[in-house]
file final-v3.cif (mmCIF, N, CA and C atoms)
data_my_file
#
loop_
_atom_site.label_atom_id
_atom_site.label_comp_id
_atom_site.auth_asym_id
_atom_site.auth_seq_id
_atom_site.Cartn_x
_atom_site.Cartn_y
_atom_site.Cartn_z
N GLN A 16 58.17 153.41 -31.08
CA GLN A 16 58.13 153.10 -29.66
C GLN A 16 58.96 154.10 -28.87
N VAL A 17 58.68 154.14 -27.59
CA VAL A 17 59.38 155.07 -26.68
C VAL A 17 59.96 154.26 -25.53
N GLN A 18 61.19 154.55 -25.19
CA GLN A 18 61.82 153.92 -24.04
C GLN A 18 62.12 154.99 -22.99
N LEU A 19 61.92 154.64 -21.74
CA LEU A 19 62.20 155.54 -20.64
C LEU A 19 63.13 154.86 -19.65
N MET A 20 64.08 155.62 -19.11
CA MET A 20 64.98 155.06 -18.13
C MET A 20 65.16 156.05 -16.98
N GLU A 21 64.84 155.59 -15.78
CA GLU A 21 64.99 156.42 -14.59
C GLU A 21 66.38 156.23 -13.98
N SER A 22 66.84 157.25 -13.29
CA SER A 22 68.08 157.16 -12.53
C SER A 22 68.01 158.15 -11.39
N GLY A 23 68.90 157.98 -10.42
CA GLY A 23 69.01 158.94 -9.34
C GLY A 23 68.45 158.50 -8.01
N GLY A 24 67.85 157.31 -7.96
CA GLY A 24 67.33 156.84 -6.69
C GLY A 24 68.45 156.45 -5.75
N GLY A 25 68.08 156.14 -4.52
CA GLY A 25 69.07 155.73 -3.54
C GLY A 25 68.54 155.78 -2.14
N LEU A 26 69.47 155.71 -1.18
CA LEU A 26 69.14 155.76 0.24
C LEU A 26 69.53 157.13 0.78
N VAL A 27 68.59 157.75 1.48
CA VAL A 27 68.84 159.07 2.03
C VAL A 27 68.18 159.18 3.40
N GLN A 28 68.74 160.00 4.27
CA GLN A 28 68.12 160.20 5.57
C GLN A 28 66.95 161.18 5.46
N ALA A 29 66.05 161.06 6.39
CA ALA A 29 64.91 161.98 6.44
C ALA A 29 65.42 163.42 6.47
N GLY A 30 64.76 164.26 5.68
CA GLY A 30 65.17 165.65 5.56
C GLY A 30 66.12 165.90 4.40
N GLY A 31 66.63 164.83 3.82
CA GLY A 31 67.57 164.96 2.73
C GLY A 31 66.89 165.17 1.39
N SER A 32 67.71 165.18 0.34
CA SER A 32 67.23 165.45 -1.01
C SER A 32 67.76 164.42 -2.00
N LEU A 33 67.00 164.21 -3.04
CA LEU A 33 67.42 163.40 -4.18
C LEU A 33 66.86 164.04 -5.44
N ARG A 34 67.54 163.80 -6.55
CA ARG A 34 67.04 164.26 -7.85
C ARG A 34 66.96 163.06 -8.79
N LEU A 35 65.76 162.78 -9.23
CA LEU A 35 65.54 161.70 -10.17
C LEU A 35 65.55 162.26 -11.59
N SER A 36 66.05 161.45 -12.50
CA SER A 36 66.05 161.80 -13.92
C SER A 36 65.34 160.72 -14.71
N CYS A 37 64.68 161.12 -15.77
CA CYS A 37 64.01 160.18 -16.67
C CYS A 37 64.40 160.55 -18.10
N THR A 38 65.20 159.70 -18.70
CA THR A 38 65.66 159.95 -20.05
C THR A 38 64.83 159.14 -21.03
N THR A 39 64.35 159.81 -22.05
CA THR A 39 63.53 159.14 -23.06
C THR A 39 64.33 158.94 -24.34
N SER A 40 63.96 157.91 -25.08
CA SER A 40 64.59 157.64 -26.36
C SER A 40 63.56 156.99 -27.27
N GLY A 41 63.89 156.92 -28.53
CA GLY A 41 62.96 156.36 -29.50
C GLY A 41 62.14 157.47 -30.14
N SER A 42 60.86 157.24 -30.32
CA SER A 42 59.98 158.19 -31.00
C SER A 42 59.51 159.28 -30.03
N VAL A 43 60.44 160.09 -29.56
CA VAL A 43 60.13 161.06 -28.50
C VAL A 43 59.20 162.15 -28.97
N SER A 44 59.08 162.36 -30.27
CA SER A 44 58.22 163.42 -30.78
C SER A 44 56.74 163.14 -30.53
N ILE A 45 56.39 161.91 -30.19
CA ILE A 45 54.99 161.58 -29.95
C ILE A 45 54.59 161.74 -28.48
N ILE A 46 55.54 162.16 -27.66
CA ILE A 46 55.27 162.30 -26.23
C ILE A 46 54.70 163.67 -25.92
N SER A 47 53.66 163.69 -25.09
CA SER A 47 53.16 164.97 -24.60
C SER A 47 53.52 165.08 -23.11
N ALA A 48 52.59 164.79 -22.23
CA ALA A 48 52.87 164.93 -20.79
C ALA A 48 53.79 163.81 -20.30
N MET A 49 54.51 164.14 -19.25
CA MET A 49 55.31 163.15 -18.53
C MET A 49 54.97 163.25 -17.05
N ALA A 50 55.20 162.16 -16.35
CA ALA A 50 54.82 162.15 -14.95
C ALA A 50 55.70 161.20 -14.16
N TRP A 51 55.74 161.47 -12.88
CA TRP A 51 56.36 160.56 -11.93
C TRP A 51 55.27 159.94 -11.06
N HIS A 52 55.33 158.65 -10.96
CA HIS A 52 54.46 157.90 -10.06
C HIS A 52 55.34 157.16 -9.07
N ARG A 53 54.74 156.67 -8.00
CA ARG A 53 55.49 155.85 -7.06
C ARG A 53 54.60 154.74 -6.52
N GLN A 54 55.26 153.68 -6.10
CA GLN A 54 54.55 152.55 -5.54
C GLN A 54 55.33 152.00 -4.36
N ALA A 55 54.71 152.07 -3.20
CA ALA A 55 55.30 151.51 -1.99
C ALA A 55 54.83 150.07 -1.84
N PRO A 56 55.54 149.25 -1.08
CA PRO A 56 55.14 147.85 -0.90
C PRO A 56 53.71 147.74 -0.38
N GLY A 57 52.92 146.92 -1.04
CA GLY A 57 51.55 146.70 -0.61
C GLY A 57 50.59 147.81 -0.94
N MET A 58 51.07 148.81 -1.67
CA MET A 58 50.23 149.96 -2.00
C MET A 58 50.04 150.06 -3.51
N GLN A 59 49.00 150.80 -3.90
CA GLN A 59 48.79 151.04 -5.32
C GLN A 59 49.74 152.11 -5.82
N ARG A 60 50.02 152.06 -7.10
CA ARG A 60 50.83 153.11 -7.70
C ARG A 60 50.06 154.41 -7.65
N GLU A 61 50.75 155.49 -7.29
CA GLU A 61 50.08 156.78 -7.19
C GLU A 61 50.86 157.84 -7.96
N LEU A 62 50.12 158.81 -8.46
CA LEU A 62 50.73 159.92 -9.17
C LEU A 62 51.41 160.85 -8.17
N VAL A 63 52.65 161.20 -8.46
CA VAL A 63 53.40 162.13 -7.62
C VAL A 63 53.39 163.53 -8.23
N ALA A 64 53.75 163.61 -9.50
CA ALA A 64 53.81 164.90 -10.19
C ALA A 64 53.78 164.67 -11.69
N SER A 65 53.24 165.65 -12.39
CA SER A 65 53.19 165.57 -13.85
C SER A 65 53.55 166.92 -14.44
N ILE A 66 53.95 166.88 -15.71
CA ILE A 66 54.32 168.11 -16.40
C ILE A 66 53.98 167.96 -17.88
N THR A 67 53.36 169.00 -18.43
CA THR A 67 53.00 168.98 -19.84
C THR A 67 54.18 169.48 -20.69
N THR A 68 53.98 169.41 -21.99
CA THR A 68 55.03 169.84 -22.90
C THR A 68 55.37 171.31 -22.69
N ASP A 69 54.35 172.11 -22.38
CA ASP A 69 54.58 173.55 -22.20
C ASP A 69 54.84 173.93 -20.75
N GLY A 70 55.08 172.94 -19.89
CA GLY A 70 55.56 173.23 -18.54
C GLY A 70 54.53 173.35 -17.45
N ARG A 71 53.27 173.06 -17.75
CA ARG A 71 52.27 173.09 -16.68
C ARG A 71 52.46 171.88 -15.78
N THR A 72 52.39 172.10 -14.48
CA THR A 72 52.68 171.04 -13.52
C THR A 72 51.49 170.74 -12.61
N ASN A 73 51.52 169.57 -12.06
CA ASN A 73 50.49 169.13 -11.12
C ASN A 73 51.18 168.23 -10.10
N TYR A 74 50.78 168.37 -8.82
CA TYR A 74 51.42 167.61 -7.75
C TYR A 74 50.39 166.94 -6.85
N ALA A 75 50.77 165.80 -6.32
CA ALA A 75 49.99 165.20 -5.25
C ALA A 75 50.10 166.08 -4.02
N ASP A 76 49.02 166.15 -3.25
CA ASP A 76 49.03 167.00 -2.05
C ASP A 76 50.17 166.64 -1.11
N SER A 77 50.52 165.37 -1.06
CA SER A 77 51.52 164.90 -0.11
C SER A 77 52.94 165.40 -0.42
N VAL A 78 53.16 165.88 -1.63
CA VAL A 78 54.51 166.32 -2.00
C VAL A 78 54.58 167.81 -2.34
N LYS A 79 53.45 168.49 -2.35
CA LYS A 79 53.45 169.91 -2.69
C LYS A 79 54.38 170.69 -1.74
N GLY A 80 55.18 171.55 -2.33
CA GLY A 80 56.11 172.34 -1.54
C GLY A 80 57.42 171.65 -1.26
N ARG A 81 57.51 170.36 -1.54
CA ARG A 81 58.76 169.61 -1.31
C ARG A 81 59.37 169.08 -2.61
N PHE A 82 58.53 168.69 -3.55
CA PHE A 82 59.00 168.11 -4.80
C PHE A 82 58.77 169.11 -5.94
N THR A 83 59.66 169.07 -6.91
CA THR A 83 59.53 169.90 -8.10
C THR A 83 59.80 169.06 -9.34
N VAL A 84 58.85 169.07 -10.25
CA VAL A 84 59.00 168.35 -11.52
C VAL A 84 59.39 169.35 -12.60
N SER A 85 60.27 168.92 -13.48
CA SER A 85 60.70 169.78 -14.58
C SER A 85 61.06 168.89 -15.76
N ARG A 86 61.26 169.53 -16.90
CA ARG A 86 61.69 168.77 -18.07
C ARG A 86 62.54 169.65 -18.97
N ASP A 87 63.45 169.00 -19.65
CA ASP A 87 64.30 169.66 -20.63
C ASP A 87 63.98 168.99 -21.96
N ASN A 88 63.16 169.65 -22.76
CA ASN A 88 62.71 169.03 -24.01
C ASN A 88 63.87 168.82 -24.98
N ALA A 89 64.86 169.68 -24.92
CA ALA A 89 66.01 169.53 -25.81
C ALA A 89 66.81 168.27 -25.48
N LYS A 90 66.80 167.88 -24.21
CA LYS A 90 67.52 166.68 -23.78
C LYS A 90 66.60 165.48 -23.64
N ASN A 91 65.31 165.68 -23.92
CA ASN A 91 64.34 164.58 -23.79
C ASN A 91 64.39 163.95 -22.39
N THR A 92 64.48 164.79 -21.41
CA THR A 92 64.65 164.32 -20.03
C THR A 92 63.71 165.07 -19.09
N ALA A 93 63.12 164.32 -18.18
CA ALA A 93 62.31 164.90 -17.11
C ALA A 93 63.02 164.66 -15.79
N TYR A 94 62.74 165.55 -14.84
CA TYR A 94 63.40 165.48 -13.55
C TYR A 94 62.38 165.56 -12.42
N LEU A 95 62.76 165.01 -11.28
CA LEU A 95 61.98 165.18 -10.07
C LEU A 95 62.95 165.52 -8.96
N GLN A 96 62.93 166.78 -8.54
CA GLN A 96 63.74 167.21 -7.40
C GLN A 96 62.94 166.98 -6.14
N MET A 97 63.48 166.19 -5.24
CA MET A 97 62.77 165.84 -4.01
C MET A 97 63.55 166.37 -2.82
N ASN A 98 62.94 167.28 -2.09
CA ASN A 98 63.55 167.87 -0.90
C ASN A 98 62.75 167.51 0.34
N ALA A 99 63.35 167.71 1.48
CA ALA A 99 62.67 167.44 2.76
C ALA A 99 62.02 166.06 2.75
N LEU A 100 62.77 165.07 2.33
CA LEU A 100 62.22 163.72 2.19
C LEU A 100 61.81 163.15 3.53
N LYS A 101 60.74 162.36 3.48
CA LYS A 101 60.20 161.71 4.67
C LYS A 101 60.23 160.20 4.49
N PRO A 102 60.24 159.44 5.56
CA PRO A 102 60.21 157.98 5.42
C PRO A 102 59.03 157.49 4.58
N GLU A 103 57.92 158.19 4.64
CA GLU A 103 56.74 157.78 3.86
C GLU A 103 56.90 158.04 2.37
N ASP A 104 57.98 158.69 1.96
CA ASP A 104 58.27 158.84 0.54
C ASP A 104 58.97 157.60 -0.03
N THR A 105 59.32 156.67 0.84
CA THR A 105 59.99 155.45 0.38
C THR A 105 59.09 154.68 -0.58
N ALA A 106 59.62 154.39 -1.75
CA ALA A 106 58.84 153.71 -2.79
C ALA A 106 59.74 153.49 -4.01
N VAL A 107 59.22 152.73 -4.95
CA VAL A 107 59.82 152.68 -6.28
C VAL A 107 59.17 153.79 -7.10
N TYR A 108 59.99 154.62 -7.69
CA TYR A 108 59.50 155.75 -8.48
C TYR A 108 59.60 155.42 -9.96
N TYR A 109 58.50 155.61 -10.64
CA TYR A 109 58.40 155.29 -12.06
C TYR A 109 58.15 156.56 -12.88
N CYS A 110 58.80 156.62 -14.00
CA CYS A 110 58.56 157.69 -14.96
C CYS A 110 57.58 157.18 -16.00
N GLY A 111 56.59 158.01 -16.33
CA GLY A 111 55.63 157.66 -17.36
C GLY A 111 55.54 158.75 -18.40
N ALA A 112 55.18 158.38 -19.60
CA ALA A 112 55.02 159.34 -20.69
C ALA A 112 53.71 159.07 -21.41
N ARG A 113 53.08 160.17 -21.81
CA ARG A 113 51.79 160.08 -22.49
C ARG A 113 51.99 160.30 -23.98
N ARG A 114 51.40 159.45 -24.76
CA ARG A 114 51.40 159.62 -26.20
C ARG A 114 50.41 160.72 -26.54
N ILE A 115 50.76 161.55 -27.51
CA ILE A 115 49.88 162.65 -27.87
C ILE A 115 48.49 162.13 -28.27
N PHE A 116 47.48 162.92 -27.93
CA PHE A 116 46.07 162.62 -28.20
C PHE A 116 45.57 161.41 -27.40
N ASN A 117 46.33 161.02 -26.38
CA ASN A 117 45.92 159.92 -25.51
C ASN A 117 45.65 160.44 -24.10
N THR A 118 45.06 159.61 -23.30
CA THR A 118 44.91 159.88 -21.88
C THR A 118 45.74 158.87 -21.11
N GLY A 119 45.96 159.14 -19.86
CA GLY A 119 46.79 158.24 -19.08
C GLY A 119 48.23 158.27 -19.55
N TYR A 120 48.98 157.30 -19.15
CA TYR A 120 50.40 157.22 -19.50
C TYR A 120 50.65 155.88 -20.20
N ASN A 121 51.21 155.98 -21.37
CA ASN A 121 51.31 154.84 -22.25
C ASN A 121 52.65 154.13 -22.20
N TYR A 122 53.68 154.83 -21.71
CA TYR A 122 55.02 154.28 -21.68
C TYR A 122 55.57 154.45 -20.26
N TRP A 123 56.32 153.43 -19.84
CA TRP A 123 56.84 153.43 -18.47
C TRP A 123 58.29 152.99 -18.43
N GLY A 124 59.01 153.55 -17.47
CA GLY A 124 60.34 153.05 -17.18
C GLY A 124 60.25 151.88 -16.20
N ARG A 125 61.41 151.34 -15.85
CA ARG A 125 61.43 150.19 -14.95
C ARG A 125 61.41 150.59 -13.48
N GLY A 126 61.63 151.85 -13.21
CA GLY A 126 61.55 152.33 -11.84
C GLY A 126 62.91 152.45 -11.19
N THR A 127 62.97 153.30 -10.18
CA THR A 127 64.17 153.47 -9.38
C THR A 127 63.76 153.54 -7.91
N GLN A 128 64.49 152.84 -7.07
CA GLN A 128 64.14 152.75 -5.66
C GLN A 128 64.60 153.98 -4.90
N VAL A 129 63.69 154.54 -4.13
CA VAL A 129 64.02 155.63 -3.20
C VAL A 129 63.70 155.14 -1.79
N THR A 130 64.69 155.17 -0.93
CA THR A 130 64.51 154.75 0.45
C THR A 130 64.92 155.88 1.38
N VAL A 131 64.01 156.28 2.25
CA VAL A 131 64.27 157.37 3.19
C VAL A 131 64.28 156.78 4.60
N SER A 132 65.41 156.89 5.25
CA SER A 132 65.54 156.35 6.61
C SER A 132 65.20 157.42 7.64
N SER A 133 64.66 156.96 8.76
CA SER A 133 64.27 157.91 9.82
C SER A 133 65.41 158.16 10.78
#

call {"tool": "encode", "arguments": {"input": "final-v3.cif", "output": "structure tokens"}}
result
Amino acid sequence: QVQLMESGGGLVQAGGSLRLSCTTSGSVSIISAMAWHRQAPGMQRELVASITTDGRTNYADSVKGRFTVSRDNAKNTAYLQMNALKPEDTAVYYCGARRIFNTGYNYWGRGTQVTVSS
């Protein structure tokens, strides 16, 4: 099994920055891609950014140029650097991990709240 734990959320003013971390533990060798998703109240969970084992990234249009996803495979940790935050970025941010040879994301953290005030 794989466990994921997010950290780094909080309250920030519009235009500010936050860095989220996702630490994995357990059978980490079975993980391929990792991703950050978010879910605002009353909304569906949406993909924010993803990163493969070899560093290929993908971003939602709404965060391109503002957010950067990265990972440190030696530390089994993924990061989401969020700059120029907007009130519409307010959501619970979840880290997900994909099991190798699978699609979608099979493991999830409990989420961390990000609140951006105007």

call {"tool": "residues_around", "arguments": {"input": "final-v3.cif", "residues": "range 87-103 of chain A", "least_positions_apart": "5", "cutoff": "6 Å", "atoms": "all atoms listed in the file", "output": "list in words"}}
result
Gln28, Ala29, Gly30, Gly31, Ser32, Leu33, Arg34, Leu35, Ser36, Cys37, Thr38, Thr39, Arg81, Phe82, Val131, Ser132 and Ser133 of chain A

call {"tool": "closest_residue", "arguments": {"input": "final-v3.cif", "among": "A:Ala50, A:Leu19, A:Val107, A:Val43", "to": "Ile66 in chain A", "atoms": "only N, CA and C atoms"}}
result
A:Ala50

call {"tool": "closest_residue", "arguments": {"input": "final-v3.cif", "among": "A:Gly23, A:Gln18, A:Tyr108, A:Ser85", "to": "Ser42 in chain A", "atoms": "only C-alpha atoms"}}
result
A:Gln18

call {"tool": "residues_around", "arguments": {"input": "final-v3.cif", "residues": "Arg71 in chain A", "least_positions_apart": "5", "cutoff": "12 Å", "atoms": "only C-alpha atoms", "output": "PDB file with N, CA and C atoms, in the coordinates of the input"}}
result
ATOM      1  N   SER A  47      53.660 163.690 -25.090  1.00  0.00           N
ATOM      2  CA  SER A  47      53.160 164.970 -24.600  1.00  0.00           C
ATOM      3  C   SER A  47      53.520 165.080 -23.110  1.00  0.00           C
ATOM      4  N   ALA A  48      52.590 164.790 -22.230  1.00  0.00           N
ATOM      5  CA  ALA A  48      52.870 164.930 -20.790  1.00  0.00           C
ATOM      6  C   ALA A  48      53.790 163.810 -20.300  1.00  0.00           C
ATOM      7  N   MET A  49      54.510 164.140 -19.250  1.00  0.00           N
ATOM      8  CA  MET A  49      55.310 163.150 -18.530  1.00  0.00           C
ATOM      9  C   MET A  49      54.970 163.250 -17.050  1.00  0.00           C
ATOM     10  N   ALA A  50      55.200 162.160 -16.350  1.00  0.00           N
ATOM     11  CA  ALA A  50      54.820 162.150 -14.950  1.00  0.00           C
ATOM     12  C   ALA A  50      55.700 161.200 -14.160  1.00  0.00           C
ATOM     13  N   ALA A  64      53.750 163.610  -9.500  1.00  0.00           N
ATOM     14  CA  ALA A  64      53.810 164.900 -10.190  1.00  0.00           C
ATOM     15  C   ALA A  64      53.780 164.670 -11.690  1.00  0.00           C
ATOM     16  N   SER A  65      53.240 165.650 -12.390  1.00  0.00           N
ATOM     17  CA  SER A  65      53.190 165.570 -13.850  1.00  0.00           C
ATOM     18  C   SER A  65      53.550 166.920 -14.440  1.00  0.00           C
ATOM     19  N   ILE A  66      53.950 166.880 -15.710  1.00  0.00           N
ATOM     20  CA  ILE A  66      54.320 168.110 -16.400  1.00  0.00           C
ATOM     21  C   ILE A  66      53.980 167.960 -17.880  1.00  0.00           C
ATOM     22  N   THR A  83      59.660 169.070  -6.910  1.00  0.00           N
ATOM     23  CA  THR A  83      59.530 169.900  -8.100  1.00  0.00           C
ATOM     24  C   THR A  83      59.800 169.060  -9.340  1.00  0.00           C
ATOM     25  N   VAL A  84      58.850 169.070 -10.250  1.00  0.00           N
ATOM     26  CA  VAL A  84      59.000 168.350 -11.520  1.00  0.00           C
ATOM     27  C   VAL A  84      59.390 169.350 -12.600  1.00  0.00           C
ATOM     28  N   SER A  85      60.270 168.920 -13.480  1.00  0.00           N
ATOM     29  CA  SER A  85      60.700 169.780 -14.580  1.00  0.00           C
ATOM     30  C   SER A  85      61.060 168.890 -15.760  1.00  0.00           C
ATOM     31  N   ARG A  86      61.260 169.530 -16.900  1.00  0.00           N
ATOM     32  CA  ARG A  86      61.690 168.770 -18.070  1.00  0.00           C
ATOM     33  C   ARG A  86      62.540 169.650 -18.970  1.00  0.00           C
TER      34      ARG A  86
END

call {"tool": "select_by_dssp", "arguments": {"input": "final-v3.cif", "residues": "chain A", "states": "strand (DSSP E or B)", "output": "VMD selection string"}}
result
chain A and resid 17 to 22 25 to 28 33 to 41 46 to 54 61 to 66 72 to 74 82 to 87 92 to 97 106 to 114 122 to 123 127 to 132

call {"tool": "atom_distance", "arguments": {"input": "final-v3.cif", "atom1": "atom N of Val63 in chain A", "atom2": "atom C of Gly25 in chain A"}}
result
17.9 Å

call {"tool": "residues_near_point", "arguments": {"input": "final-v3.cif", "point": "(52.3, 153.2, -12.9)", "cutoff": "10 Å", "atoms": "only C-alpha atoms", "output": "JSON, numbers by chain"}}
result
{"A": [50, 51, 52, 53, 54, 59, 60, 61, 62, 108, 109, 110, 111, 119, 120, 121, 122, 123, 124, 125, 126]}

call {"tool": "closest_residue", "arguments": {"input": "final-v3.cif", "among": "A:Ser40, A:Thr127, A:Ser22, A:Thr67", "to": "Arg113 in chain A", "atoms": "only C-alpha atoms"}}
result
A:Thr67

call {"tool": "atom_distance", "arguments": {"input": "final-v3.cif", "atom1": "atom N of Leu26 in chain A", "atom2": "atom N of Asp104 in chain A"}}
result
12.3 Å

call {"tool": "axis_aligned_box", "arguments": {"input": "final-v3.cif", "around": "range 50-68 of chain A", "padding_each_side": "5 Å", "output": "JSON"}}
result
{"center_x": 52.6, "center_y": 159.0, "center_z": -11.6, "size_x": 17.6, "size_y": 34.6, "size_z": 32.5}

call {"tool": "atom_distance", "arguments": {"input": "final-v3.cif", "atom1": "CA of Val17 in chain A", "atom2": "atom N of Asp76 in chain A"}}
result
27.9 Å

call {"tool": "select_by_dssp", "arguments": {"input": "final-v3.cif", "residues": "chain A", "states": "helix (DSSP H, G or I)", "output": "PyMOL selection string"}}
result
chain A and resi 43-45+102-104

call {"tool": "closest_residue", "arguments": {"input": "final-v3.cif", "among": "A:Val129, A:Ile115, A:Met20, A:Val78", "to": "Ile45 in chain A", "atoms": "all atoms listed in the file"}}
result
A:Ile115

call {"tool": "build_atoms", "arguments": {"input": "final-v3.cif", "residues": "range 41-49 of chain A", "atoms": "all heavy atoms", "output": "PDB file, in the frame of the given file"}}
result
ATOM      1  N   GLY A  41      63.890 156.920 -28.530  1.00  0.00           N
ATOM      2  CA  GLY A  41      62.960 156.360 -29.500  1.00  0.00           C
ATOM      3  C   GLY A  41      62.140 157.470 -30.140  1.00  0.00           C
ATOM      4  O   GLY A  41      62.665 158.545 -30.428  1.00  0.00           O
ATOM      5  N   SER A  42      60.860 157.240 -30.320  1.00  0.00           N
ATOM      6  CA  SER A  42      59.980 158.190 -31.000  1.00  0.00           C
ATOM      7  C   SER A  42      59.510 159.280 -30.030  1.00  0.00           C
ATOM      8  O   SER A  42      58.325 159.423 -29.738  1.00  0.00           O
ATOM      9  CB  SER A  42      58.785 157.460 -31.602  1.00  0.00           C
ATOM     10  OG  SER A  42      59.209 156.458 -32.510  1.00  0.00           O
ATOM     11  N   VAL A  43      60.440 160.090 -29.560  1.00  0.00           N
ATOM     12  CA  VAL A  43      60.130 161.060 -28.500  1.00  0.00           C
ATOM     13  C   VAL A  43      59.200 162.150 -28.970  1.00  0.00           C
ATOM     14  O   VAL A  43      58.542 162.819 -28.157  1.00  0.00           O
ATOM     15  CB  VAL A  43      61.416 161.668 -27.905  1.00  0.00           C
ATOM     16  CG1 VAL A  43      62.263 160.581 -27.256  1.00  0.00           C
ATOM     17  CG2 VAL A  43      62.193 162.410 -28.967  1.00  0.00           C
ATOM     18  N   SER A  44      59.080 162.360 -30.270  1.00  0.00           N
ATOM     19  CA  SER A  44      58.220 163.420 -30.780  1.00  0.00           C
ATOM     20  C   SER A  44      56.740 163.140 -30.530  1.00  0.00           C
ATOM     21  O   SER A  44      55.911 164.049 -30.623  1.00  0.00           O
ATOM     22  CB  SER A  44      58.457 163.621 -32.270  1.00  0.00           C
ATOM     23  OG  SER A  44      58.135 162.433 -32.978  1.00  0.00           O
ATOM     24  N   ILE A  45      56.390 161.910 -30.190  1.00  0.00           N
ATOM     25  CA  ILE A  45      54.990 161.580 -29.950  1.00  0.00           C
ATOM     26  C   ILE A  45      54.590 161.740 -28.480  1.00  0.00           C
ATOM     27  O   ILE A  45      53.461 161.479 -28.113  1.00  0.00           O
ATOM     28  CB  ILE A  45      54.667 160.142 -30.409  1.00  0.00           C
ATOM     29  CG1 ILE A  45      55.410 159.104 -29.538  1.00  0.00           C
ATOM     30  CG2 ILE A  45      54.989 159.957 -31.885  1.00  0.00           C
ATOM     31  CD1 ILE A  45      54.996 157.678 -29.828  1.00  0.00           C
ATOM     32  N   ILE A  46      55.540 162.160 -27.660  1.00  0.00           N
ATOM     33  CA  ILE A  46      55.270 162.300 -26.230  1.00  0.00           C
ATOM     34  C   ILE A  46      54.700 163.670 -25.920  1.00  0.00           C
ATOM     35  O   ILE A  46      55.200 164.683 -26.417  1.00  0.00           O
ATOM     36  CB  ILE A  46      56.552 162.079 -25.418  1.00  0.00           C
ATOM     37  CG1 ILE A  46      57.016 160.636 -25.538  1.00  0.00           C
ATOM     38  CG2 ILE A  46      56.332 162.444 -23.950  1.00  0.00           C
ATOM     39  CD1 ILE A  46      58.361 160.400 -24.887  1.00  0.00           C
ATOM     40  N   SER A  47      53.660 163.690 -25.090  1.00  0.00           N
ATOM     41  CA  SER A  47      53.160 164.970 -24.600  1.00  0.00           C
ATOM     42  C   SER A  47      53.520 165.080 -23.110  1.00  0.00           C
ATOM     43  O   SER A  47      54.639 165.385 -22.773  1.00  0.00           O
ATOM     44  CB  SER A  47      51.658 165.093 -24.840  1.00  0.00           C
ATOM     45  OG  SER A  47      50.955 164.039 -24.211  1.00  0.00           O
ATOM     46  N   ALA A  48      52.590 164.790 -22.230  1.00  0.00           N
ATOM     47  CA  ALA A  48      52.870 164.930 -20.790  1.00  0.00           C
ATOM     48  C   ALA A  48      53.790 163.810 -20.300  1.00  0.00           C
ATOM     49  O   ALA A  48      53.833 162.713 -20.854  1.00  0.00           O
ATOM     50  CB  ALA A  48      51.570 164.895 -20.001  1.00  0.00           C
ATOM     51  N   MET A  49      54.510 164.140 -19.250  1.00  0.00           N
ATOM     52  CA  MET A  49      55.310 163.150 -18.530  1.00  0.00           C
ATOM     53  C   MET A  49      54.970 163.250 -17.050  1.00  0.00           C
ATOM     54  O   MET A  49      54.511 164.297 -16.579  1.00  0.00           O
ATOM     55  CB  MET A  49      56.801 163.386 -18.765  1.00  0.00           C
ATOM     56  CG  MET A  49      57.214 163.209 -20.214  1.00  0.00           C
ATOM     57  SD  MET A  49      58.975 163.337 -20.465  1.00  0.00           S
ATOM     58  CE  MET A  49      59.534 161.815 -19.667  1.00  0.00           C
TER      59      MET A  49
END
